[in-house]
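Source file: target_37.cif (mmCIF, C-alpha atoms)
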data_start
#
loop_
_atom_site.label_atom_id
_atom_site.label_comp_id
_atom_site.auth_asym_id
_atom_site.auth_seq_id
_atom_site.Cartn_x
_atom_site.Cartn_y
_atom_site.Cartn_z
CA ALA A 1 11.90 8.00 13.81
CA ASN A 2 14.80 6.98 16.02
CA LEU A 3 17.14 4.00 15.94
CA PRO A 4 16.60 1.36 18.65
CA VAL A 5 18.83 1.38 21.71
CA PRO A 6 22.22 -0.28 21.04
CA LEU A 7 21.28 -3.49 22.88
CA LEU A 8 18.26 -4.11 20.64
CA ARG A 9 20.08 -2.88 17.54
CA THR A 10 22.85 -5.43 18.06
CA ALA A 11 20.44 -8.29 18.76
CA ALA A 12 18.26 -7.59 15.71
CA GLY A 13 19.07 -9.46 12.52
CA ARG A 14 17.94 -6.48 10.46
CA LEU A 15 16.54 -3.02 11.03
CA GLY A 16 13.52 -1.60 9.23
CA ASP A 17 11.77 1.75 9.45
CA ALA A 18 8.02 1.27 9.97
CA SER A 19 7.11 4.93 9.52
CA ALA A 20 5.31 6.26 6.44
CA SER A 21 3.33 9.33 5.43
CA PRO A 22 -0.15 9.40 3.86
CA ASP A 23 -1.13 11.17 0.67
CA ALA A 24 -2.48 14.72 0.82
CA ASP A 25 -5.99 13.41 1.55
CA GLY A 26 -4.78 11.40 4.56
CA VAL A 27 -4.99 8.00 2.85
CA TYR A 28 -2.02 5.63 2.75
CA ARG A 29 -1.40 4.58 -0.85
CA ARG A 30 2.39 4.79 -1.11
CA VAL A 31 5.29 3.71 1.09
CA PRO A 32 9.00 4.54 0.89
CA LEU A 33 11.44 1.65 0.72
CA SER A 34 14.18 3.49 2.56
CA SER A 35 14.63 6.50 4.81
CA THR A 36 17.28 8.41 6.67
CA VAL A 37 17.26 7.91 10.44
CA GLU A 38 19.80 9.76 12.58
CA GLY A 39 21.92 10.36 9.50
CA LYS A 40 21.92 6.71 8.42
CA SER A 41 20.14 5.11 5.47
CA VAL A 42 17.68 2.53 6.78
CA PRO A 43 15.43 0.26 4.68
CA SER A 44 11.72 0.32 5.33
CA LEU A 45 10.26 -2.54 7.34
CA ALA A 46 8.84 -4.00 4.12
CA ALA A 47 12.20 -3.77 2.33
CA ALA A 48 14.01 -5.34 5.29
CA ALA A 49 11.51 -8.22 5.34
CA VAL A 50 11.95 -8.81 1.60
CA ARG A 51 15.72 -8.90 2.02
CA ALA A 52 15.37 -11.31 4.94
CA ALA A 53 13.31 -13.54 2.63
CA GLY A 54 16.23 -13.59 0.18
CA ALA A 55 14.39 -11.66 -2.53
CA ASP A 56 16.89 -8.87 -3.16
CA ALA A 57 16.28 -9.07 -6.92
CA ALA A 58 12.55 -8.46 -6.45
CA LEU A 59 13.32 -5.49 -4.22
CA ALA A 60 15.71 -4.00 -6.78
CA ALA A 61 13.06 -4.36 -9.50
CA ALA A 62 10.29 -2.64 -7.53
CA PRO A 63 9.02 0.39 -9.51
CA LEU A 64 9.43 3.53 -7.42
CA THR A 65 8.16 7.05 -8.05
CA GLU A 66 9.95 9.70 -6.04
CA GLY A 67 11.30 6.94 -3.82
CA LYS A 68 7.89 5.45 -3.03
CA LEU A 69 6.04 2.29 -4.02
CA LEU A 70 2.42 2.73 -5.14
CA LEU A 71 0.53 -0.11 -3.47
CA ARG A 72 -2.03 -2.43 -5.00
CA PHE A 73 -4.20 -3.34 -2.02
CA ARG A 74 -5.82 -6.76 -1.79
CA LYS A 75 -9.32 -7.53 -0.63
CA PRO A 76 -9.86 -7.62 3.16
CA GLY A 77 -8.90 -10.93 4.72
CA THR A 78 -6.13 -11.71 2.23
CA TYR A 79 -3.52 -11.77 4.98
CA PRO A 80 -4.51 -14.02 7.90
CA ALA A 81 -4.24 -12.48 11.36
CA TYR A 82 -3.82 -14.42 14.60
CA PRO A 83 -4.42 -12.87 18.04
CA ALA A 84 -1.27 -12.85 20.13
CA GLY A 85 -3.22 -14.24 23.09
CA LYS A 86 -4.15 -17.33 21.09
CA LEU A 87 -0.54 -18.01 20.15
CA ILE A 88 0.70 -17.50 23.71
CA GLN A 89 -1.98 -19.77 25.13
CA SER A 90 -1.19 -22.43 22.53
CA TRP A 91 2.51 -22.27 23.41
CA ALA A 92 1.70 -22.50 27.13
CA ASP A 93 -0.42 -25.60 26.47
CA THR A 94 2.47 -27.32 24.70
CA GLN A 95 4.80 -26.47 27.59
CA ASP A 96 2.41 -28.25 29.93
CA GLY A 97 2.50 -31.35 27.74
CA GLY A 98 -0.75 -30.65 25.95
CA LYS A 99 -1.53 -30.02 22.33
CA GLY A 100 -1.61 -26.41 21.35
CA SER A 101 -4.67 -25.01 19.62
CA PHE A 102 -2.51 -23.27 16.98
CA ASP A 103 -0.64 -25.21 14.31
CA PRO A 104 2.80 -23.62 13.80
CA GLU A 105 2.95 -25.15 10.32
CA LEU A 106 0.62 -22.35 9.25
CA LEU A 107 3.56 -19.97 9.55
CA LYS A 108 6.14 -22.16 7.84
CA GLY A 109 7.78 -20.44 4.89
CA ARG A 110 5.83 -17.22 5.43
CA VAL A 111 6.76 -13.66 6.26
CA VAL A 112 5.31 -12.99 9.72
CA LEU A 113 4.59 -9.49 10.99
CA VAL A 114 3.87 -8.67 14.61
CA GLY A 115 1.75 -5.57 15.03
CA LEU A 116 -0.99 -3.78 16.90
CA SER A 117 -4.67 -3.54 15.98
CA ALA A 118 -6.44 -2.16 19.07
CA PRO A 119 -7.80 1.38 18.40
CA GLY A 120 -6.23 2.79 21.56
CA LEU A 121 -2.73 1.83 20.40
CA ARG A 122 -2.90 4.33 17.52
CA ASP A 123 -1.64 2.03 14.76
CA LEU A 124 -4.71 2.12 12.52
CA ARG A 125 -4.34 3.71 9.11
CA PRO A 126 -6.87 4.78 6.44
CA THR A 127 -6.28 2.96 3.14
CA PRO A 128 -8.25 2.93 -0.14
CA LEU A 129 -10.16 -0.12 1.15
CA SER A 130 -10.60 0.67 4.85
CA SER A 131 -10.81 3.69 7.12
CA ASN A 132 -9.00 1.91 9.96
CA ALA A 133 -6.69 -0.82 8.64
CA PRO A 134 -3.88 -2.03 10.93
CA GLY A 135 -0.52 -0.52 10.03
CA THR A 136 0.88 -4.04 9.61
CA GLU A 137 -1.57 -4.56 6.74
CA VAL A 138 0.02 -1.67 4.85
CA VAL A 139 3.45 -3.23 5.42
CA ALA A 140 2.14 -6.67 4.40
CA THR A 141 0.73 -5.19 1.19
CA ALA A 142 4.10 -3.64 0.35
CA ILE A 143 5.90 -6.96 0.96
CA ASP A 144 3.32 -8.82 -1.12
CA ASN A 145 3.55 -6.30 -3.98
CA ILE A 146 7.33 -6.53 -4.07
CA LEU A 147 7.54 -10.33 -3.88
CA THR A 148 4.88 -10.81 -6.57
CA ALA A 149 5.98 -7.83 -8.72
CA ASP A 150 2.37 -6.64 -8.63
CA SER A 151 2.41 -3.05 -7.43
CA LEU A 152 0.85 -0.14 -9.30
CA ARG A 153 2.71 2.22 -11.60
CA PRO A 154 1.52 5.83 -11.79
CA VAL A 155 0.72 7.17 -15.23
CA PRO A 156 3.04 10.10 -16.09
CA SER A 157 1.67 13.45 -14.93
CA THR A 158 1.78 14.73 -18.52
CA VAL A 159 -0.76 12.06 -19.52
CA ASN A 160 -3.04 13.04 -16.62
CA ALA A 161 -2.82 16.71 -17.60
CA LEU A 162 -3.46 15.92 -21.27
CA LEU A 163 -6.58 13.90 -20.50
CA ALA A 164 -7.94 16.66 -18.25
CA LEU A 165 -7.20 19.24 -20.94
CA LEU A 166 -9.00 17.18 -23.57
CA GLY A 167 -12.05 16.99 -21.31
CA LEU A 168 -12.08 20.75 -20.87
CA ILE A 169 -11.68 21.32 -24.61
CA ALA A 170 -14.55 18.94 -25.36
CA GLY A 171 -16.83 20.82 -22.97
CA ALA A 172 -15.77 24.21 -24.36
CA VAL A 173 -16.27 23.16 -27.98
CA ALA A 174 -19.70 21.76 -27.17
CA ALA A 175 -20.71 25.00 -25.45
CA LEU A 176 -19.52 27.15 -28.35
CA ARG A 177 -21.09 25.03 -31.09
CA THR A 178 -24.43 24.42 -29.44
CA GLY A 179 -24.84 27.45 -27.22
CA ARG A 180 -26.82 25.32 -24.81
CA ALA A 181 -25.62 24.71 -21.30
CA TRP A 182 -27.27 21.31 -20.93
CA GLN A 183 -25.53 19.96 -24.03
CA ALA A 184 -22.19 21.26 -22.81
CA GLY A 185 -22.85 19.65 -19.45
CA LEU A 186 -23.79 16.39 -21.14
CA THR A 187 -20.54 16.47 -23.11
CA ALA A 188 -18.53 17.16 -19.96
CA GLY A 189 -20.31 14.29 -18.23
CA GLY A 190 -19.50 11.99 -21.12
CA ALA A 191 -15.86 13.05 -20.99
CA SER A 192 -15.79 12.32 -17.24
CA PHE A 193 -17.27 8.88 -17.87
CA LEU A 194 -14.61 8.12 -20.48
CA LEU A 195 -11.90 9.28 -18.06
CA ALA A 196 -13.29 6.99 -15.36
CA ALA A 197 -13.37 4.09 -17.83
CA ALA A 198 -9.80 4.81 -18.84
CA ALA A 199 -8.74 4.90 -15.17
CA LEU A 200 -10.42 1.54 -14.52
CA GLY A 201 -8.84 0.00 -17.60
CA ALA A 202 -5.42 1.31 -16.57
CA PHE A 203 -5.89 -0.04 -13.03
CA THR A 204 -6.62 -3.56 -14.24
CA ARG A 205 -3.32 -3.42 -16.13
CA GLY A 206 -1.35 -2.21 -13.13
CA TYR A 207 -1.36 1.54 -13.79
CA TRP A 208 -2.73 4.37 -11.66
CA LEU A 209 -4.47 7.17 -13.54
CA GLU A 210 -5.31 10.26 -11.51
CA MET A 211 -9.01 11.16 -11.72
CA VAL A 212 -8.33 14.74 -10.61
CA LEU A 213 -5.35 17.00 -11.07
CA PRO A 214 -3.22 17.61 -7.96
CA GLN A 215 -3.68 20.97 -6.28
#

Once more with this new file: its structure as structure tokens, please.
Amino acid sequence: ANLPVPLLRTAAGRLGDASASPDADGVYRRVPLSSTVEGKSVPSLAAAAVRAAGADAALAAAPLTEGKLLLRFRKPGTYPAYPAGKLIQSWADTQDGGKGSFDPELLKGRVVLVGLSAPGLRDLRPTPLSSNAPGTEVVATAIDNILTADSLRPVPSTVNALLALLGLIAGAVAALRTGRAWQAGLTAGGASFLLAAAALGAFTRGYWLEMVLPQ
């Protein structure tokens, strides 16, 4: 990333870095809240928006792991989107003395993001809920999570490793005691089911439990 040209940098109320990197599988689940650009510390676009909203305390309380926020994505359609053409046409109508088709009150008191969604503009990102979500939706999710204190917290890696080890031990003990492959497989399947149930239970309480160990 590069800083804007001085003219834009001076005119902007705040600067925010919109770049982020996906997880190893190419899915965007985490975002940094700051980065270094041209030797300067710059807040992420989400962090800059939260500060602009006067919620510095919420930003300071955001739980980070290795400098990143683990996002809790909302169901599709949570954040309303308005085509730029509709807003421009509505504004033009009001300039001509008419009544615009868009009510600006819908934006009052809200954080507004301007972004791109056309496939050719290369700002679509795979998320846990969509294979081609607009990048602004990832930023909106981060802002939402910070303002509502409702992001996810990863379970410590030692807990993940311990659960995986217990599953392996259960399968090994079953194989040694029964000597039958199908019973060992059934035990391993049961252990996997319990791990999935534990992951779901943790998720509903705001914690992220890895289903597989990292490579």

Would you list the residues near (-2.0, -12.2, 7.4) (no more than 9 Å away, in the coordinates of the file, using all atoms listed in the file) as a PyMOL selection string? chain A and resi 77-82+111-113+136-137+140

Can you translate the PyMOL selection byres ((chain A and resi 87) around 12) into the concrete residues it hits in this file, as an mmCIF file with C-alpha atoms, keeping the file's coordinate frame?
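Output file part-v4.cif follows:
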data_model
loop_
_atom_site.group_PDB
_atom_site.id
_atom_site.type_symbol
_atom_site.label_atom_id
_atom_site.label_comp_id
_atom_site.auth_asym_id
_atom_site.auth_seq_id
_atom_site.Cartn_x
_atom_site.Cartn_y
_atom_site.Cartn_z
ATOM 1 C CA ALA A 81 -4.240 -12.480 11.360
ATOM 2 C CA TYR A 82 -3.820 -14.420 14.600
ATOM 3 C CA PRO A 83 -4.420 -12.870 18.040
ATOM 4 C CA ALA A 84 -1.270 -12.850 20.130
ATOM 5 C CA GLY A 85 -3.220 -14.240 23.090
ATOM 6 C CA LYS A 86 -4.150 -17.330 21.090
ATOM 7 C CA ILE A 88 0.700 -17.500 23.710
ATOM 8 C CA GLN A 89 -1.980 -19.770 25.130
ATOM 9 C CA SER A 90 -1.190 -22.430 22.530
ATOM 10 C CA TRP A 91 2.510 -22.270 23.410
ATOM 11 C CA ALA A 92 1.700 -22.500 27.130
ATOM 12 C CA ASP A 93 -0.420 -25.600 26.470
ATOM 13 C CA THR A 94 2.470 -27.320 24.700
ATOM 14 C CA GLY A 100 -1.610 -26.410 21.350
ATOM 15 C CA SER A 101 -4.670 -25.010 19.620
ATOM 16 C CA PHE A 102 -2.510 -23.270 16.980
ATOM 17 C CA ASP A 103 -0.640 -25.210 14.310
ATOM 18 C CA PRO A 104 2.800 -23.620 13.800
ATOM 19 C CA LEU A 106 0.620 -22.350 9.250
ATOM 20 C CA LEU A 107 3.560 -19.970 9.550
ATOM 21 C CA VAL A 114 3.870 -8.670 14.610
#

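Across A:Arg153, A:Arg29, A:Arg14, A:Arg177, the tightest approach to Thr204 (chain A) is made by A:Arg153 when counting all atoms listed in the file.
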
Evaluate the PyMOL selection byres ((chain A and resi 45) around 10) and record the selected residues as a PyMOL selection string, following the chain and residue labels used in the document. chain A and resi 14-19+32-34+42-44+46-51+113+136+139-140+142-143

Neighbours of Ser130 (chain A) within 12 Å (only C-alpha atoms; same-chain residues fewer than 5 positions away dropped), as a PDB file with C-alpha atoms, in the coordinates of the input?
ATOM      1  CA  VAL A  27      -4.990   8.000   2.850  1.00  0.00           C
ATOM      2  CA  TYR A  28      -2.020   5.630   2.750  1.00  0.00           C
ATOM      3  CA  ARG A  29      -1.400   4.580  -0.850  1.00  0.00           C
ATOM      4  CA  PHE A  73      -4.200  -3.340  -2.020  1.00  0.00           C
ATOM      5  CA  ARG A  74      -5.820  -6.760  -1.790  1.00  0.00           C
ATOM      6  CA  LYS A  75      -9.320  -7.530  -0.630  1.00  0.00           C
ATOM      7  CA  PRO A  76      -9.860  -7.620   3.160  1.00  0.00           C
ATOM      8  CA  GLY A  77      -8.900 -10.930   4.720  1.00  0.00           C
ATOM      9  CA  LEU A 124      -4.710   2.120  12.520  1.00  0.00           C
ATOM     10  CA  ARG A 125      -4.340   3.710   9.110  1.00  0.00           C
ATOM     11  CA  GLY A 135      -0.520  -0.520  10.030  1.00  0.00           C
ATOM     12  CA  GLU A 137      -1.570  -4.560   6.740  1.00  0.00           C
ATOM     13  CA  VAL A 138       0.020  -1.670   4.850  1.00  0.00           C
TER      14      VAL A 138
END

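Candidate residues A:Ala118, A:Ala62, A:Leu186, A:Leu162 were compared for distance to Ala133 (chain A), and the nearest is A:Ala118, using all atoms listed in the file.
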
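Interatomic distance, CA of Leu64 (chain A) against CA of Ala20 (chain A): 14.7 Å.
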
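Shortest atom-to-atom contact with Thr36 (chain A) among A:Leu200, A:Leu3, A:Ala12, A:Val155: A:Leu3, counting all atoms listed in the file.
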
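Straight-line separation from CA of Ala53 (chain A) to CA of Arg110 (chain A): 8.8 Å.
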
What gap, in Å, lies between CA of Leu71 (chain A) and CA of Lys108 (chain A)? 25.4 Å

Generate N, CA, C and O atoms for region 62-85 of chain A and emit them as a PDB file, in the frame of the given file.
ATOM      1  N   ALA A  62      11.532  -3.315  -7.904  1.00  0.00           N
ATOM      2  CA  ALA A  62      10.290  -2.640  -7.530  1.00  0.00           C
ATOM      3  C   ALA A  62      10.226  -1.249  -8.156  1.00  0.00           C
ATOM      4  O   ALA A  62      11.173  -0.466  -8.034  1.00  0.00           O
ATOM      5  N   PRO A  63       9.131  -0.913  -8.855  1.00  0.00           N
ATOM      6  CA  PRO A  63       9.020   0.390  -9.510  1.00  0.00           C
ATOM      7  C   PRO A  63       8.715   1.502  -8.497  1.00  0.00           C
ATOM      8  O   PRO A  63       7.674   1.475  -7.853  1.00  0.00           O
ATOM      9  N   LEU A  64       9.599   2.443  -8.376  1.00  0.00           N
ATOM     10  CA  LEU A  64       9.430   3.530  -7.420  1.00  0.00           C
ATOM     11  C   LEU A  64       9.183   4.849  -8.158  1.00  0.00           C
ATOM     12  O   LEU A  64       9.730   5.092  -9.229  1.00  0.00           O
ATOM     13  N   THR A  65       8.376   5.683  -7.568  1.00  0.00           N
ATOM     14  CA  THR A  65       8.160   7.050  -8.050  1.00  0.00           C
ATOM     15  C   THR A  65       8.460   7.992  -6.905  1.00  0.00           C
ATOM     16  O   THR A  65       7.809   7.941  -5.866  1.00  0.00           O
ATOM     17  N   GLU A  66       9.486   8.807  -7.096  1.00  0.00           N
ATOM     18  CA  GLU A  66       9.950   9.700  -6.040  1.00  0.00           C
ATOM     19  C   GLU A  66      10.273   8.912  -4.775  1.00  0.00           C
ATOM     20  O   GLU A  66       9.974   9.345  -3.658  1.00  0.00           O
ATOM     21  N   GLY A  67      10.863   7.749  -4.956  1.00  0.00           N
ATOM     22  CA  GLY A  67      11.300   6.940  -3.820  1.00  0.00           C
ATOM     23  C   GLY A  67      10.220   6.144  -3.133  1.00  0.00           C
ATOM     24  O   GLY A  67      10.472   5.509  -2.106  1.00  0.00           O
ATOM     25  N   LYS A  68       8.994   6.143  -3.684  1.00  0.00           N
ATOM     26  CA  LYS A  68       7.890   5.450  -3.030  1.00  0.00           C
ATOM     27  C   LYS A  68       7.261   4.403  -3.952  1.00  0.00           C
ATOM     28  O   LYS A  68       7.263   4.552  -5.170  1.00  0.00           O
ATOM     29  N   LEU A  69       6.717   3.365  -3.311  1.00  0.00           N
ATOM     30  CA  LEU A  69       6.040   2.290  -4.020  1.00  0.00           C
ATOM     31  C   LEU A  69       4.536   2.523  -3.943  1.00  0.00           C
ATOM     32  O   LEU A  69       3.984   2.690  -2.850  1.00  0.00           O
ATOM     33  N   LEU A  70       3.870   2.545  -5.089  1.00  0.00           N
ATOM     34  CA  LEU A  70       2.420   2.730  -5.140  1.00  0.00           C
ATOM     35  C   LEU A  70       1.764   1.359  -4.961  1.00  0.00           C
ATOM     36  O   LEU A  70       1.943   0.463  -5.775  1.00  0.00           O
ATOM     37  N   LEU A  71       1.015   1.198  -3.882  1.00  0.00           N
ATOM     38  CA  LEU A  71       0.530  -0.110  -3.470  1.00  0.00           C
ATOM     39  C   LEU A  71      -0.745  -0.537  -4.200  1.00  0.00           C
ATOM     40  O   LEU A  71      -1.638   0.272  -4.435  1.00  0.00           O
ATOM     41  N   ARG A  72      -0.794  -1.824  -4.509  1.00  0.00           N
ATOM     42  CA  ARG A  72      -2.030  -2.430  -5.000  1.00  0.00           C
ATOM     43  C   ARG A  72      -2.601  -3.246  -3.834  1.00  0.00           C
ATOM     44  O   ARG A  72      -2.114  -4.332  -3.507  1.00  0.00           O
ATOM     45  N   PHE A  73      -3.625  -2.702  -3.203  1.00  0.00           N
ATOM     46  CA  PHE A  73      -4.200  -3.340  -2.020  1.00  0.00           C
ATOM     47  C   PHE A  73      -5.056  -4.534  -2.410  1.00  0.00           C
ATOM     48  O   PHE A  73      -5.740  -4.526  -3.436  1.00  0.00           O
ATOM     49  N   ARG A  74      -5.017  -5.560  -1.579  1.00  0.00           N
ATOM     50  CA  ARG A  74      -5.820  -6.760  -1.790  1.00  0.00           C
ATOM     51  C   ARG A  74      -7.135  -6.646  -1.028  1.00  0.00           C
ATOM     52  O   ARG A  74      -7.302  -5.786  -0.163  1.00  0.00           O
ATOM     53  N   LYS A  75      -8.041  -7.539  -1.326  1.00  0.00           N
ATOM     54  CA  LYS A  75      -9.320  -7.530  -0.630  1.00  0.00           C
ATOM     55  C   LYS A  75      -9.123  -7.864   0.846  1.00  0.00           C
ATOM     56  O   LYS A  75      -8.179  -8.577   1.211  1.00  0.00           O
ATOM     57  N   PRO A  76      -9.991  -7.345   1.725  1.00  0.00           N
ATOM     58  CA  PRO A  76      -9.860  -7.620   3.160  1.00  0.00           C
ATOM     59  C   PRO A  76      -9.845  -9.129   3.436  1.00  0.00           C
ATOM     60  O   PRO A  76     -10.565  -9.904   2.801  1.00  0.00           O
ATOM     61  N   GLY A  77      -8.989  -9.531   4.359  1.00  0.00           N
ATOM     62  CA  GLY A  77      -8.900 -10.930   4.720  1.00  0.00           C
ATOM     63  C   GLY A  77      -7.846 -11.700   3.942  1.00  0.00           C
ATOM     64  O   GLY A  77      -7.655 -12.903   4.167  1.00  0.00           O
ATOM     65  N   THR A  78      -7.157 -11.030   3.018  1.00  0.00           N
ATOM     66  CA  THR A  78      -6.130 -11.710   2.230  1.00  0.00           C
ATOM     67  C   THR A  78      -4.994 -12.213   3.119  1.00  0.00           C
ATOM     68  O   THR A  78      -4.482 -13.317   2.926  1.00  0.00           O
ATOM     69  N   TYR A  79      -4.618 -11.391   4.095  1.00  0.00           N
ATOM     70  CA  TYR A  79      -3.520 -11.770   4.980  1.00  0.00           C
ATOM     71  C   TYR A  79      -4.101 -12.241   6.313  1.00  0.00           C
ATOM     72  O   TYR A  79      -4.717 -11.446   7.041  1.00  0.00           O
ATOM     73  N   PRO A  80      -3.937 -13.505   6.645  1.00  0.00           N
ATOM     74  CA  PRO A  80      -4.510 -14.020   7.900  1.00  0.00           C
ATOM     75  C   PRO A  80      -3.885 -13.351   9.109  1.00  0.00           C
ATOM     76  O   PRO A  80      -2.694 -13.047   9.129  1.00  0.00           O
ATOM     77  N   ALA A  81      -4.708 -13.100  10.113  1.00  0.00           N
ATOM     78  CA  ALA A  81      -4.240 -12.480  11.360  1.00  0.00           C
ATOM     79  C   ALA A  81      -4.576 -13.414  12.522  1.00  0.00           C
ATOM     80  O   ALA A  81      -5.663 -13.994  12.574  1.00  0.00           O
ATOM     81  N   TYR A  82      -3.644 -13.541  13.446  1.00  0.00           N
ATOM     82  CA  TYR A  82      -3.820 -14.420  14.600  1.00  0.00           C
ATOM     83  C   TYR A  82      -3.624 -13.603  15.874  1.00  0.00           C
ATOM     84  O   TYR A  82      -2.588 -12.945  16.033  1.00  0.00           O
ATOM     85  N   PRO A  83      -4.577 -13.615  16.780  1.00  0.00           N
ATOM     86  CA  PRO A  83      -4.420 -12.870  18.040  1.00  0.00           C
ATOM     87  C   PRO A  83      -3.214 -13.387  18.828  1.00  0.00           C
ATOM     88  O   PRO A  83      -2.990 -14.603  18.920  1.00  0.00           O
ATOM     89  N   ALA A  84      -2.452 -12.463  19.370  1.00  0.00           N
ATOM     90  CA  ALA A  84      -1.270 -12.850  20.130  1.00  0.00           C
ATOM     91  C   ALA A  84      -1.648 -13.735  21.319  1.00  0.00           C
ATOM     92  O   ALA A  84      -0.923 -14.680  21.661  1.00  0.00           O
ATOM     93  N   GLY A  85      -2.783 -13.442  21.943  1.00  0.00           N
ATOM     94  CA  GLY A  85      -3.220 -14.240  23.090  1.00  0.00           C
ATOM     95  C   GLY A  85      -3.409 -15.703  22.736  1.00  0.00           C
ATOM     96  O   GLY A  85      -3.086 -16.604  23.526  1.00  0.00           O
TER      97      GLY A  85
END
